[in-house]
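> As input, take entry-v1.cif (mmCIF, C-alpha atoms):
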data_my_file
#
loop_
_atom_site.label_atom_id
_atom_site.label_comp_id
_atom_site.auth_asym_id
_atom_site.auth_seq_id
_atom_site.Cartn_x
_atom_site.Cartn_y
_atom_site.Cartn_z
CA MET A 623 22.81 -47.42 -68.07
CA PRO A 624 19.04 -47.43 -68.73
CA GLU A 625 17.09 -44.50 -67.32
CA PHE A 626 14.67 -45.30 -64.51
CA LEU A 627 11.16 -45.56 -65.91
CA THR A 628 12.12 -44.89 -69.50
CA LEU A 629 8.90 -46.61 -70.45
CA LEU A 630 8.78 -49.17 -73.26
CA PRO A 631 5.65 -50.75 -74.76
CA PRO A 632 5.13 -54.28 -73.37
CA ASP A 633 5.69 -56.04 -76.71
CA GLU A 634 8.94 -54.15 -77.35
CA ALA A 635 10.13 -54.79 -73.79
CA ARG A 636 9.37 -58.50 -74.03
CA ASP A 637 11.14 -58.82 -77.38
CA LYS A 638 14.19 -57.07 -75.95
CA LEU A 639 14.31 -59.48 -73.02
CA LEU A 640 13.84 -62.61 -75.12
CA ALA A 641 16.48 -61.48 -77.65
CA HIS A 642 19.10 -61.52 -74.88
CA LEU A 643 18.28 -65.10 -73.86
CA SER A 644 20.09 -67.98 -75.49
CA SER A 645 18.48 -70.85 -77.38
CA PRO A 646 16.22 -73.25 -75.49
CA LYS A 647 17.89 -75.33 -72.81
CA SER A 648 19.08 -78.70 -74.04
CA ASP A 649 18.44 -80.51 -70.76
CA SER A 650 15.75 -83.18 -70.91
CA ASP A 651 14.19 -85.89 -68.77
CA SER A 652 12.87 -89.32 -69.67
CA ILE A 653 9.47 -89.66 -68.02
CA ASP A 654 6.63 -92.15 -67.84
CA ILE A 655 3.64 -91.37 -70.06
CA LEU A 656 1.48 -91.17 -66.92
CA HIS A 657 3.34 -88.03 -65.89
CA ALA A 658 3.67 -86.41 -69.31
CA LEU A 659 0.59 -84.17 -69.30
CA GLY A 660 1.60 -80.52 -69.68
CA ARG A 661 5.25 -81.31 -70.41
CA VAL A 662 7.08 -80.22 -73.58
CA THR A 663 8.59 -82.75 -75.97
CA ALA A 664 12.39 -82.61 -76.20
CA GLU A 665 12.55 -84.45 -79.54
CA ASP A 666 10.40 -85.29 -82.53
CA ILE A 667 8.11 -88.27 -81.93
CA VAL A 668 8.15 -90.59 -84.96
CA ALA A 669 5.51 -93.25 -85.57
CA PRO A 670 7.11 -96.73 -85.38
CA HIS A 671 4.22 -98.25 -87.35
CA PRO A 672 1.13 -97.07 -89.23
CA LEU A 673 -2.01 -96.26 -87.31
CA PRO A 674 -4.20 -98.15 -87.62
CA ASP A 675 -2.04 -101.07 -88.69
CA PHE A 676 -5.01 -103.06 -90.00
CA GLN A 677 -8.23 -102.17 -91.80
CA ARG A 678 -11.07 -101.83 -89.31
CA THR A 679 -14.73 -100.95 -89.25
CA THR A 680 -16.15 -97.78 -87.73
CA VAL A 681 -19.65 -99.24 -87.22
CA ASP A 682 -21.49 -102.39 -86.22
CA GLY A 683 -22.76 -104.19 -89.30
CA TYR A 684 -21.75 -106.62 -92.04
CA ALA A 685 -18.47 -106.75 -93.93
CA VAL A 686 -19.24 -106.99 -97.65
CA ARG A 687 -17.93 -106.47 -101.14
CA ALA A 688 -19.40 -103.09 -102.09
CA LYS A 689 -20.34 -104.24 -105.60
CA ASP A 690 -22.57 -106.97 -104.12
CA THR A 691 -24.79 -104.25 -102.59
CA PHE A 692 -25.15 -102.17 -105.75
CA GLY A 693 -28.72 -100.86 -106.15
CA ALA A 694 -29.99 -102.25 -102.83
CA THR A 695 -33.04 -100.36 -101.48
CA ASP A 696 -35.91 -100.93 -99.03
CA SER A 697 -38.11 -102.16 -101.86
CA LEU A 698 -35.42 -104.10 -103.66
CA PRO A 699 -32.91 -105.47 -101.12
CA ALA A 700 -29.74 -107.42 -101.90
CA TYR A 701 -29.35 -110.87 -100.36
CA LEU A 702 -25.98 -112.07 -99.06
CA ASN A 703 -24.93 -115.33 -97.42
CA LEU A 704 -23.70 -114.97 -93.83
CA ILE A 705 -20.48 -116.97 -93.46
CA GLY A 706 -19.36 -116.02 -89.95
CA GLU A 707 -18.58 -113.37 -87.34
CA VAL A 708 -15.34 -111.42 -87.09
CA PRO A 709 -13.73 -112.05 -83.67
CA MET A 710 -12.78 -108.93 -81.71
CA GLY A 711 -9.07 -108.64 -81.00
CA ASP A 712 -8.13 -111.26 -83.59
CA SER A 713 -7.90 -111.66 -87.35
CA PRO A 714 -10.77 -113.47 -89.12
CA SER A 715 -10.00 -116.96 -90.41
CA PHE A 716 -12.23 -116.61 -93.49
CA GLU A 717 -12.35 -114.53 -96.66
CA ILE A 718 -15.37 -112.74 -98.12
CA GLY A 719 -16.27 -114.03 -101.58
CA ALA A 720 -18.95 -113.10 -104.10
CA GLY A 721 -22.40 -112.85 -102.52
CA GLN A 722 -21.07 -113.30 -98.97
CA CYS A 723 -20.92 -111.20 -95.81
CA ALA A 724 -19.79 -111.47 -92.19
CA LEU A 725 -21.03 -109.91 -88.97
CA ILE A 726 -18.52 -107.35 -87.69
CA HIS A 727 -18.45 -105.06 -84.65
CA THR A 728 -17.01 -101.54 -84.33
CA GLY A 729 -13.21 -101.71 -84.34
CA GLY A 730 -13.15 -105.22 -85.78
CA MET A 731 -10.60 -106.22 -88.43
CA LEU A 732 -11.97 -106.26 -91.97
CA PRO A 733 -11.80 -109.78 -93.51
CA LYS A 734 -9.90 -110.32 -96.74
CA GLY A 735 -12.10 -109.79 -99.77
CA ALA A 736 -14.32 -107.21 -98.03
CA ASP A 737 -14.01 -103.54 -98.93
CA ALA A 738 -16.94 -101.93 -97.09
CA VAL A 739 -19.32 -102.37 -94.15
CA VAL A 740 -23.12 -102.02 -94.21
CA MET A 741 -24.49 -100.53 -90.99
CA LEU A 742 -26.59 -102.93 -88.95
CA GLU A 743 -29.71 -100.73 -89.13
CA TYR A 744 -29.84 -101.15 -92.92
CA THR A 745 -29.94 -104.96 -92.70
CA GLN A 746 -32.16 -107.78 -91.55
CA HIS A 747 -31.30 -111.36 -90.63
CA ILE A 748 -33.75 -113.73 -92.32
CA ASP A 749 -35.17 -116.12 -89.70
CA GLY A 750 -34.17 -119.74 -90.17
CA ALA A 751 -31.56 -118.97 -92.80
CA GLU A 752 -27.93 -117.83 -92.91
CA GLU A 753 -28.92 -115.00 -95.18
CA ILE A 754 -28.88 -111.22 -94.70
CA GLU A 755 -31.12 -108.68 -96.42
CA ILE A 756 -29.29 -105.46 -97.35
CA PHE A 757 -31.52 -102.38 -97.74
CA LYS A 758 -28.86 -99.79 -98.61
CA SER A 759 -25.93 -99.97 -100.97
CA VAL A 760 -22.43 -98.95 -99.83
CA ALA A 761 -19.44 -97.61 -101.71
CA ASP A 762 -15.96 -99.06 -101.74
CA GLY A 763 -14.27 -97.98 -98.46
CA GLU A 764 -17.50 -96.90 -96.74
CA ASN A 765 -17.51 -97.24 -92.92
CA ILE A 766 -13.92 -98.48 -92.71
CA ILE A 767 -10.56 -96.98 -91.73
CA HIS A 768 -7.61 -97.90 -93.93
CA ILE A 769 -4.10 -98.84 -92.80
CA GLY A 770 -2.15 -95.67 -92.01
CA GLU A 771 -5.18 -93.41 -92.47
CA ASP A 772 -4.44 -91.71 -89.13
CA VAL A 773 -0.62 -91.93 -89.13
CA ALA A 774 1.90 -93.28 -91.61
CA GLN A 775 4.92 -95.25 -90.46
CA GLY A 776 7.91 -92.91 -90.03
CA GLN A 777 5.73 -89.82 -89.81
CA VAL A 778 6.62 -87.13 -87.24
CA VAL A 779 3.40 -87.19 -85.22
CA ILE A 780 4.44 -84.81 -82.42
CA PRO A 781 7.17 -82.26 -83.19
CA LYS A 782 9.80 -81.22 -80.70
CA GLY A 783 8.54 -78.33 -78.58
CA THR A 784 4.94 -79.51 -78.35
CA ILE A 785 3.10 -79.16 -75.06
CA LEU A 786 1.43 -82.48 -74.35
CA ARG A 787 -2.35 -82.39 -73.98
CA PRO A 788 -4.73 -85.34 -73.41
CA ALA A 789 -5.00 -85.90 -77.19
CA GLU A 790 -1.22 -86.22 -77.58
CA ILE A 791 -1.09 -88.59 -74.61
CA GLY A 792 -3.70 -90.76 -76.33
CA GLY A 793 -1.78 -90.72 -79.59
CA LEU A 794 1.43 -91.77 -77.86
CA THR A 795 -0.21 -94.73 -76.16
CA ALA A 796 -1.87 -95.76 -79.44
CA LEU A 797 1.65 -96.06 -80.87
CA GLY A 798 2.95 -97.98 -77.86
CA PHE A 799 4.99 -95.20 -76.23
CA MET A 800 5.11 -95.62 -72.46
CA SER A 801 7.93 -93.15 -71.90
CA LEU A 802 9.44 -90.21 -73.77
CA ARG A 803 11.94 -87.40 -73.43
CA VAL A 804 10.64 -84.00 -72.36
CA ALA A 805 12.28 -80.67 -71.70
CA LYS A 806 13.49 -80.36 -68.14
CA ARG A 807 11.37 -77.98 -66.12
CA ILE A 808 12.73 -74.44 -65.95
CA GLY A 809 14.00 -73.60 -62.47
CA VAL A 810 12.59 -70.28 -61.27
CA GLY A 811 13.78 -68.65 -58.06
CA LEU A 812 11.22 -66.47 -56.24
CA ILE A 813 12.24 -63.70 -53.87
CA SER A 814 9.76 -61.49 -52.01
CA THR A 815 11.01 -58.26 -50.46
CA GLY A 816 9.76 -55.79 -47.89
CA ASP A 817 9.97 -55.21 -44.15
CA GLU A 818 6.18 -55.29 -44.00
CA VAL A 819 5.77 -58.69 -45.71
CA ILE A 820 5.29 -61.83 -43.61
CA GLU A 821 4.57 -65.50 -44.35
CA PRO A 822 0.88 -66.33 -44.92
CA SER A 823 0.88 -68.66 -41.91
CA GLN A 824 1.78 -65.84 -39.52
CA THR A 825 -0.59 -63.60 -37.57
CA LEU A 826 -0.75 -60.05 -38.91
CA ARG A 827 0.30 -57.09 -36.82
CA PRO A 828 -0.74 -53.54 -37.77
CA GLY A 829 1.09 -52.43 -40.91
CA GLN A 830 1.97 -55.95 -42.07
CA VAL A 831 0.77 -57.86 -45.15
CA ARG A 832 1.00 -61.55 -45.97
CA ASP A 833 3.14 -62.69 -48.89
CA ILE A 834 0.90 -63.22 -51.91
CA ASN A 835 3.25 -62.85 -54.85
CA SER A 836 5.54 -65.82 -54.31
CA TYR A 837 2.45 -68.04 -54.24
CA THR A 838 0.54 -66.57 -57.19
CA LEU A 839 3.69 -66.35 -59.30
CA GLY A 840 4.78 -69.80 -58.15
CA ALA A 841 1.48 -71.22 -59.36
CA LEU A 842 1.83 -69.36 -62.67
CA VAL A 843 5.38 -70.69 -63.10
CA GLU A 844 4.33 -74.28 -62.38
CA LYS A 845 1.46 -74.04 -64.86
CA ALA A 846 3.79 -72.66 -67.53
CA GLY A 847 6.27 -75.53 -67.15
CA GLY A 848 8.63 -74.25 -64.50
CA ALA A 849 9.73 -75.55 -61.11
CA THR A 850 9.78 -72.97 -58.34
CA LYS A 851 12.25 -72.51 -55.55
CA ARG A 852 11.40 -69.95 -52.88
CA TYR A 853 14.17 -67.93 -51.27
CA GLY A 854 11.98 -66.42 -48.59
CA ILE A 855 11.10 -62.87 -47.70
CA ILE A 856 14.08 -60.53 -47.74
CA ALA A 857 14.12 -57.36 -45.66
CA ASP A 858 14.76 -53.99 -47.28
CA GLN A 859 18.52 -54.30 -47.04
CA PHE A 860 20.68 -54.13 -50.15
CA SER A 861 23.29 -56.68 -49.03
CA ALA A 862 20.64 -59.22 -48.00
CA LEU A 863 18.78 -58.89 -51.30
CA LYS A 864 21.97 -59.12 -53.36
CA GLU A 865 23.07 -62.24 -51.48
CA ALA A 866 19.69 -63.96 -51.96
CA ALA A 867 19.53 -62.98 -55.63
CA ALA A 868 23.07 -64.21 -56.30
CA GLN A 869 22.25 -67.56 -54.70
CA ALA A 870 19.04 -67.86 -56.72
CA LEU A 871 20.90 -66.95 -59.92
CA SER A 872 23.48 -69.68 -59.30
CA GLU A 873 20.81 -72.32 -58.65
CA CYS A 874 18.00 -71.40 -61.07
CA ASP A 875 17.41 -70.55 -64.73
CA VAL A 876 15.24 -67.50 -63.99
CA VAL A 877 15.02 -65.20 -60.95
CA ILE A 878 11.95 -63.16 -60.00
CA ILE A 879 12.11 -60.42 -57.37
CA THR A 880 8.84 -58.85 -56.27
CA ALA A 881 8.51 -55.34 -54.80
CA GLY A 882 11.46 -53.00 -54.52
CA SER A 883 10.91 -51.93 -58.14
CA SER A 884 9.13 -48.57 -57.70
CA ALA A 885 10.64 -45.11 -57.67
CA SER A 886 11.50 -44.83 -54.01
CA THR A 887 14.50 -44.62 -51.73
CA ARG A 888 14.10 -48.35 -51.08
CA ASP A 889 14.41 -49.24 -54.77
CA MET A 890 17.22 -51.75 -54.70
CA THR A 891 16.13 -54.33 -57.26
CA ALA A 892 17.51 -52.50 -60.29
CA GLU A 893 20.90 -51.95 -58.65
CA VAL A 894 21.06 -55.57 -57.53
CA ILE A 895 20.39 -56.71 -61.10
CA ARG A 896 23.09 -54.38 -62.41
CA GLN A 897 25.61 -55.93 -60.05
CA LEU A 898 24.62 -59.56 -60.60
CA GLY A 899 26.05 -59.91 -64.10
CA GLU A 900 26.17 -58.61 -67.65
CA PRO A 901 24.39 -56.96 -69.36
CA GLY A 902 22.21 -56.30 -66.30
CA VAL A 903 19.10 -54.13 -66.55
CA LEU A 904 17.62 -54.00 -70.04
CA VAL A 905 14.29 -52.34 -69.33
CA HIS A 906 13.28 -50.30 -66.29
CA GLY A 907 9.63 -49.39 -66.66
CA ILE A 908 6.84 -50.70 -68.89
CA ASN A 909 4.28 -48.41 -70.50
CA THR A 910 1.34 -50.37 -69.17
CA ARG A 911 -1.26 -50.38 -66.44
CA PRO A 912 -1.06 -52.20 -64.12
CA GLY A 913 2.61 -52.97 -63.61
CA LYS A 914 4.53 -49.93 -64.86
CA PRO A 915 7.50 -50.30 -62.42
CA THR A 916 8.68 -53.62 -63.89
CA ILE A 917 12.37 -54.35 -64.42
CA LEU A 918 13.63 -56.76 -67.07
CA GLY A 919 17.24 -57.88 -66.97
CA VAL A 920 19.63 -60.59 -68.05
CA CYS A 921 22.62 -61.53 -65.91
CA ASP A 922 25.20 -63.83 -67.46
CA GLY A 923 22.60 -65.41 -69.77
CA LYS A 924 19.79 -65.77 -67.23
CA ALA A 925 16.63 -63.68 -66.99
CA VAL A 926 16.16 -61.65 -63.80
CA ILE A 927 12.78 -59.94 -63.54
CA GLY A 928 11.70 -57.37 -60.97
CA LEU A 929 7.94 -57.19 -60.57
CA PRO A 930 5.82 -54.73 -58.61
CA GLY A 931 4.76 -55.62 -55.10
CA ASN A 932 1.08 -55.08 -55.82
CA PRO A 933 -0.37 -58.58 -56.38
CA VAL A 934 -2.51 -57.76 -59.44
CA SER A 935 0.34 -55.89 -61.14
CA ALA A 936 2.77 -58.70 -60.38
CA LEU A 937 0.50 -61.43 -61.70
CA VAL A 938 -0.58 -59.58 -64.86
CA ASN A 939 3.05 -58.86 -65.73
CA GLY A 940 3.85 -62.45 -64.86
CA TYR A 941 1.59 -63.43 -67.76
CA LEU A 942 3.20 -60.82 -70.02
CA PHE A 943 6.88 -61.50 -69.26
CA VAL A 944 7.54 -64.53 -67.05
CA VAL A 945 5.48 -67.03 -69.06
CA PRO A 946 7.13 -66.13 -72.43
CA VAL A 947 10.58 -66.54 -70.88
CA ILE A 948 9.73 -70.01 -69.59
CA GLU A 949 8.21 -71.00 -72.94
CA LYS A 950 11.35 -69.88 -74.80
CA LEU A 951 13.67 -71.78 -72.46
CA LEU A 952 11.51 -74.89 -72.83
CA GLY A 953 11.78 -74.62 -76.62
CA MET A 954 8.00 -74.56 -76.86
CA LEU A 955 6.52 -74.08 -80.32
CA PRO A 956 4.49 -70.87 -80.75
CA LYS A 957 0.87 -71.32 -79.72
CA PRO A 958 -2.17 -69.07 -79.91
CA ARG A 959 -3.47 -67.49 -76.75
CA ALA A 960 -6.76 -68.86 -75.50
CA SER A 961 -9.27 -66.07 -75.93
CA VAL A 962 -12.91 -65.32 -76.68
CA ARG A 963 -14.72 -62.46 -78.37
CA ALA A 964 -17.12 -60.57 -76.13
CA MET A 965 -19.24 -57.44 -76.06
CA LEU A 966 -18.01 -54.81 -73.61
CA THR A 967 -20.71 -53.77 -71.12
CA VAL A 968 -19.42 -50.32 -70.11
CA ASN A 969 -17.13 -47.55 -71.36
CA LEU A 970 -13.49 -47.99 -70.39
CA PRO A 971 -11.17 -44.95 -70.37
CA SER A 972 -7.49 -45.20 -71.21
CA GLN A 973 -4.51 -42.94 -71.67
CA ALA A 974 -3.18 -42.68 -75.21
CA GLY A 975 0.29 -44.18 -75.52
CA ARG A 976 -0.21 -46.59 -72.60
CA GLU A 977 -1.32 -50.21 -72.84
CA ASP A 978 -3.98 -51.11 -70.30
CA TRP A 979 -4.99 -54.57 -69.13
CA TRP A 980 -8.36 -54.84 -67.39
CA PRO A 981 -9.59 -57.90 -65.51
CA VAL A 982 -13.05 -58.84 -66.78
CA LYS A 983 -15.78 -61.27 -65.89
CA LEU A 984 -17.45 -63.09 -68.77
CA ILE A 985 -21.25 -63.29 -68.80
CA VAL A 986 -22.47 -66.21 -70.89
CA ASN A 987 -25.51 -65.60 -73.08
CA ARG A 988 -27.16 -68.67 -74.66
CA GLU A 989 -29.71 -68.09 -77.37
CA SER A 990 -30.84 -71.32 -79.07
CA SER A 991 -27.60 -73.05 -80.10
CA THR A 992 -25.48 -69.87 -80.17
CA VAL A 993 -23.24 -68.90 -77.25
CA THR A 994 -22.10 -65.30 -76.94
CA TYR A 995 -20.27 -63.43 -74.18
CA LYS A 996 -20.39 -60.07 -72.49
CA ALA A 997 -17.23 -58.67 -70.90
CA GLU A 998 -17.88 -56.93 -67.60
CA PRO A 999 -14.82 -55.06 -66.29
CA ILE A 1000 -13.85 -55.55 -62.65
CA PHE A 1001 -12.83 -52.26 -61.10
CA GLY A 1002 -10.26 -52.34 -58.34
CA LYS A 1003 -6.81 -51.20 -57.36
CA SER A 1004 -3.67 -53.18 -58.11
CA ASN A 1005 -3.19 -54.33 -54.53
CA LEU A 1006 -6.59 -56.02 -54.36
CA ILE A 1007 -5.95 -59.64 -55.35
CA PHE A 1008 -9.61 -60.68 -55.40
CA THR A 1009 -10.28 -58.32 -58.30
CA LEU A 1010 -8.17 -60.74 -60.33
CA ALA A 1011 -9.45 -63.86 -58.57
CA SER A 1012 -12.96 -62.85 -59.69
CA ALA A 1013 -11.88 -62.43 -63.33
CA ASP A 1014 -12.23 -64.89 -66.20
CA GLY A 1015 -9.77 -63.06 -68.41
CA LEU A 1016 -7.85 -59.91 -69.25
CA LEU A 1017 -8.90 -57.26 -71.74
CA ARG A 1018 -6.18 -55.32 -73.54
CA ILE A 1019 -6.62 -51.68 -74.51
CA HIS A 1020 -4.14 -50.87 -77.26
CA PRO A 1021 -1.83 -47.89 -76.60
CA ASP A 1022 -3.19 -46.15 -79.72
CA ALA A 1023 -6.67 -46.05 -78.18
CA THR A 1024 -8.04 -43.53 -75.70
CA GLY A 1025 -10.50 -46.09 -74.38
CA LEU A 1026 -13.21 -48.50 -75.44
CA SER A 1027 -16.93 -47.93 -75.75
CA ALA A 1028 -19.77 -50.02 -74.36
CA GLY A 1029 -21.09 -52.36 -77.04
CA GLU A 1030 -17.73 -52.82 -78.76
CA THR A 1031 -16.60 -56.35 -79.55
CA VAL A 1032 -13.33 -57.04 -77.73
CA GLU A 1033 -10.91 -59.93 -77.31
CA VAL A 1034 -10.62 -61.35 -73.79
CA VAL A 1035 -7.49 -63.38 -73.04
CA LEU A 1036 -8.49 -66.24 -70.75
CA ILE A 1037 -6.55 -66.71 -67.52
#
Starting from the coordinates I provided, produce the structure as structure tokens.

Amino acid sequence: MPEFLTLLPPDEARDKLLAHLSSPKSDSDSIDILHALGRVTAEDIVAPHPLPDFQRTTVDGYAVRAKDTFGATDSLPAYLNLIGEVPMGDSPSFEIGAGQCALIHTGGMLPKGADAVVMLEYTQHIDGAEEIEIFKSVADGENIIHIGEDVAQGQVVIPKGTILRPAEIGGLTALGFMSLRVAKRIGVGLISTGDEVIEPSQTLRPGQVRDINSYTLGALVEKAGGATKRYGIIADQFSALKEAAAQALSECDVVIITAGSSASTRDMTAEVIRQLGEPGVLVHGINTRPGKPTILGVCDGKAVIGLPGNPVSALVNGYLFVVPVIEKLLGMLPKPRASVRAMLTVNLPSQAGREDWWPVKLIVNRESSTVTYKAEPIFGKSNLIFTLASADGLLRIHPDATGLSAGETVEVVLI
């Protein structure tokens, strides 16, 4: 049985938890493209046709044969006969021959015989004649997009496990996809504990606090691709907590219990996890600040995580442990963390051997066209939620360091 608060580094603890979880869930949903933003693809998306599927121009101008413009300059223009205008949304009925050109608008289909487009600003229509002066030569293929230049037919354009952003949504619609299969959202059960905790809608009495964690963690879960189910606020009674946790475990993919994870006589979370299923508690205590009294467990193949009751600790460790679990169960491809480099404004102390995460506010500095940042730490205790609400990101102090000095360049993970 793991020792209470046998502290593990966060990375080691997270790897231990993830190693005990099975492969990504195979469940998937077919959804409309309008609701696909932020979802994770459950299969490879293969292009049914090339994109574009016809040659088109990228500019307004005249479709030409490039060799007919050879040597054209302001002082010695080339002269081409205008034979028509390319209709938008349709294929042209004519072909470009020697010494000919056709007016074409951005996105228009290139006529047969043409292999380049001269931009409108390098041309002049001769009054009273169907003739165009060309003041700049173009090369073969200039100002046009070829068939399949963006995507080839049969190409995997979006791999399985991709989180869908606006760009992917646009690519799908360009290929005619109006629905697709995505990973089913990961069900996460949220349990708050404590005799002193009440619903946010209730009026506080002396000694009471409103439930914050099930709402902050619920929002984090939803953003990460999960679907939350709240099991209410459970009093500090072992049987009541075990019953709620067992129900959540039977109905959800992941269970999160907040509070009840510190070294006290009311510490029941670890024992509940041990009794819920095998192997039970894997890690009891993380060598980090905030959030040391965190419990990581797996019960019959499902992650059960005990987080501290302090809102900042709970949310920071939600980023460190809950989000990676959801991403693994979704089958999400690895992705870089969104971060910026910034100059630290003050000295920050740290204890060697412990990983610290500091909330920081980013100060934007614009000099000419260059944007730089300063990282200003926000000092506050782990039960003060607005210290985190005021932050733009989190700054990590590596356990090998005894602190950071003002003026150092640091990485700030955006939240």
> Here is a test: counting all atoms listed in the file, which residue of A:Leu984, A:Met965, A:Val760, A:Val819 is nearest to Arg687 of chain A?
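Ranked by minimum distance to Arg687 of chain A, first place goes to A:Val760.
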> May I have a table of the residues of segment 709-815 of chain A lying at most 6 Å from segment 630-654 of chain A, giving each one's closest pair of atoms and their distance in Å to one decimal, counting all atoms listed in the file, ordered by chain and ascending residue number, as JSON lines?

{"residue": "A:Met800", "atom": "CA", "partner": "A:Asp654", "partner_atom": "CA", "distance": 6.0}
{"residue": "A:Ser801", "atom": "CA", "partner": "A:Asp654", "partner_atom": "CA", "distance": 4.4}
{"residue": "A:Leu802", "atom": "CA", "partner": "A:Ser652", "partner_atom": "CA", "distance": 5.4}
{"residue": "A:Arg803", "atom": "CA", "partner": "A:Ser652", "partner_atom": "CA", "distance": 4.3}
{"residue": "A:Val804", "atom": "CA", "partner": "A:Ser650", "partner_atom": "CA", "distance": 5.4}
{"residue": "A:Ala805", "atom": "CA", "partner": "A:Ser650", "partner_atom": "CA", "distance": 4.4}
{"residue": "A:Lys806", "atom": "CA", "partner": "A:Ser650", "partner_atom": "CA", "distance": 4.6}
> Write out as a list in words each polymer residue whose atoms come within 7 Å of segment 989-996 of chain A, counting only C-alpha atoms; drop sequence neighbours fewer than 3 positions from it.
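Here the answer would be Ala964, Met965, Leu966, Thr967, Leu984, Ile985 and Val986 of chain A.
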> Report as a VMD selection string all protein, DNA and RNA residues lying within 10 Å of Pro999 of chain A, evaluated on only C-alpha atoms, omitting residues in the same chain fewer than 6 positions from it.
chain A and resid 966 to 970 980 to 984 1009 1013 1015 to 1017
> Which residue out of A:Pro788, A:Pro912, A:Gly783, A:Gly683 has the minimum interatomic distance to Val740 of chain A when only C-alpha atoms are used?
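Closest residue, counting only C-alpha atoms: A:Gly683.
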> How many Å separate atom CA of Val903 of chain A from atom CA of Ser836 of chain A?
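Separating atom CA of Val903 of chain A from atom CA of Ser836 of chain A is a distance of 21.7 Å.
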> So how far away is atom CA of Leu842 of chain A from atom CA of Val1034 of chain A, in Å?
18.5 Å
> Which polymer residues have any atom within 12 Å of an atom of Ser872 of chain A, counting all atoms listed in the file, with same-chain residues fewer than 6 positions away left out, as a JSON list (two decimals) with C-alpha atoms, in the coordinates of the input?

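Now in around12.json:
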[["chain", "number", "residue", "atom", "x", "y", "z"],
["A", 809, "GLY", "CA", 14.00, -73.60, -62.47],
["A", 810, "VAL", "CA", 12.59, -70.28, -61.27],
["A", 811, "GLY", "CA", 13.78, -68.65, -58.06],
["A", 865, "GLU", "CA", 23.07, -62.24, -51.48],
["A", 866, "ALA", "CA", 19.69, -63.96, -51.96],
["A", 898, "LEU", "CA", 24.62, -59.56, -60.60],
["A", 899, "GLY", "CA", 26.05, -59.91, -64.10],
["A", 921, "CYS", "CA", 22.62, -61.53, -65.91],
["A", 922, "ASP", "CA", 25.20, -63.83, -67.46],
["A", 923, "GLY", "CA", 22.60, -65.41, -69.77],
["A", 924, "LYS", "CA", 19.79, -65.77, -67.23],
["A", 925, "ALA", "CA", 16.63, -63.68, -66.99],
["A", 926, "VAL", "CA", 16.16, -61.65, -63.80]]
> For each of A:Cys723, A:Met731, A:Ile785, A:Ile856, take the minimum atom-to-atom distance to Val681 of chain A, counting only C-alpha atoms, then give the residue where this is smallest.
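Of A:Cys723, A:Met731, A:Ile785, A:Ile856, the one nearest Val681 of chain A, counting only C-alpha atoms, is A:Met731.
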> A:Ser972, A:Asn987, A:Ser961, A:Ser814: which is nearest Val1032 of chain A, counting all atoms listed in the file?
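When distances to Val1032 of chain A are compared using all atoms listed in the file, the smallest one comes from A:Ser961.
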> Using only C-alpha atoms, which residues sit within 12 Å of segment 761-769 of chain A once same-chain residues fewer than 5 positions away are excluded, as a ChimeraX atom specification?
/A:671-694,726-733,735-742,774-775
> Using C-alpha atoms, can you export the residues from the last selection as a CSV table (one decimal), keeping the file's coordinate frame?

chain,number,residue,atom,x,y,z
A,671,HIS,CA,4.2,-98.2,-87.4
A,672,PRO,CA,1.1,-97.1,-89.2
A,673,LEU,CA,-2.0,-96.3,-87.3
A,674,PRO,CA,-4.2,-98.2,-87.6
A,675,ASP,CA,-2.0,-101.1,-88.7
A,676,PHE,CA,-5.0,-103.1,-90.0
A,677,GLN,CA,-8.2,-102.2,-91.8
A,678,ARG,CA,-11.1,-101.8,-89.3
A,679,THR,CA,-14.7,-101.0,-89.2
A,680,THR,CA,-16.2,-97.8,-87.7
A,681,VAL,CA,-19.6,-99.2,-87.2
A,682,ASP,CA,-21.5,-102.4,-86.2
A,683,GLY,CA,-22.8,-104.2,-89.3
A,684,TYR,CA,-21.8,-106.6,-92.0
A,685,ALA,CA,-18.5,-106.8,-93.9
A,686,VAL,CA,-19.2,-107.0,-97.6
A,687,ARG,CA,-17.9,-106.5,-101.1
A,688,ALA,CA,-19.4,-103.1,-102.1
A,689,LYS,CA,-20.3,-104.2,-105.6
A,690,ASP,CA,-22.6,-107.0,-104.1
A,691,THR,CA,-24.8,-104.2,-102.6
A,692,PHE,CA,-25.2,-102.2,-105.8
A,693,GLY,CA,-28.7,-100.9,-106.2
A,694,ALA,CA,-30.0,-102.2,-102.8
A,726,ILE,CA,-18.5,-107.4,-87.7
A,727,HIS,CA,-18.4,-105.1,-84.6
A,728,THR,CA,-17.0,-101.5,-84.3
A,729,GLY,CA,-13.2,-101.7,-84.3
A,730,GLY,CA,-13.2,-105.2,-85.8
A,731,MET,CA,-10.6,-106.2,-88.4
A,732,LEU,CA,-12.0,-106.3,-92.0
A,733,PRO,CA,-11.8,-109.8,-93.5
A,735,GLY,CA,-12.1,-109.8,-99.8
A,736,ALA,CA,-14.3,-107.2,-98.0
A,737,ASP,CA,-14.0,-103.5,-98.9
A,738,ALA,CA,-16.9,-101.9,-97.1
A,739,VAL,CA,-19.3,-102.4,-94.2
A,740,VAL,CA,-23.1,-102.0,-94.2
A,741,MET,CA,-24.5,-100.5,-91.0
A,742,LEU,CA,-26.6,-102.9,-89.0
A,774,ALA,CA,1.9,-93.3,-91.6
A,775,GLN,CA,4.9,-95.2,-90.5
> Restricting the calculation to all atoms listed in the file, which member of A:Leu1006, A:Leu704, A:Val662, A:Ile1037 is positioned closest to Pro781 of chain A?
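Looking only at the distances to Pro781 of chain A, the closest residue turns out to be A:Val662.
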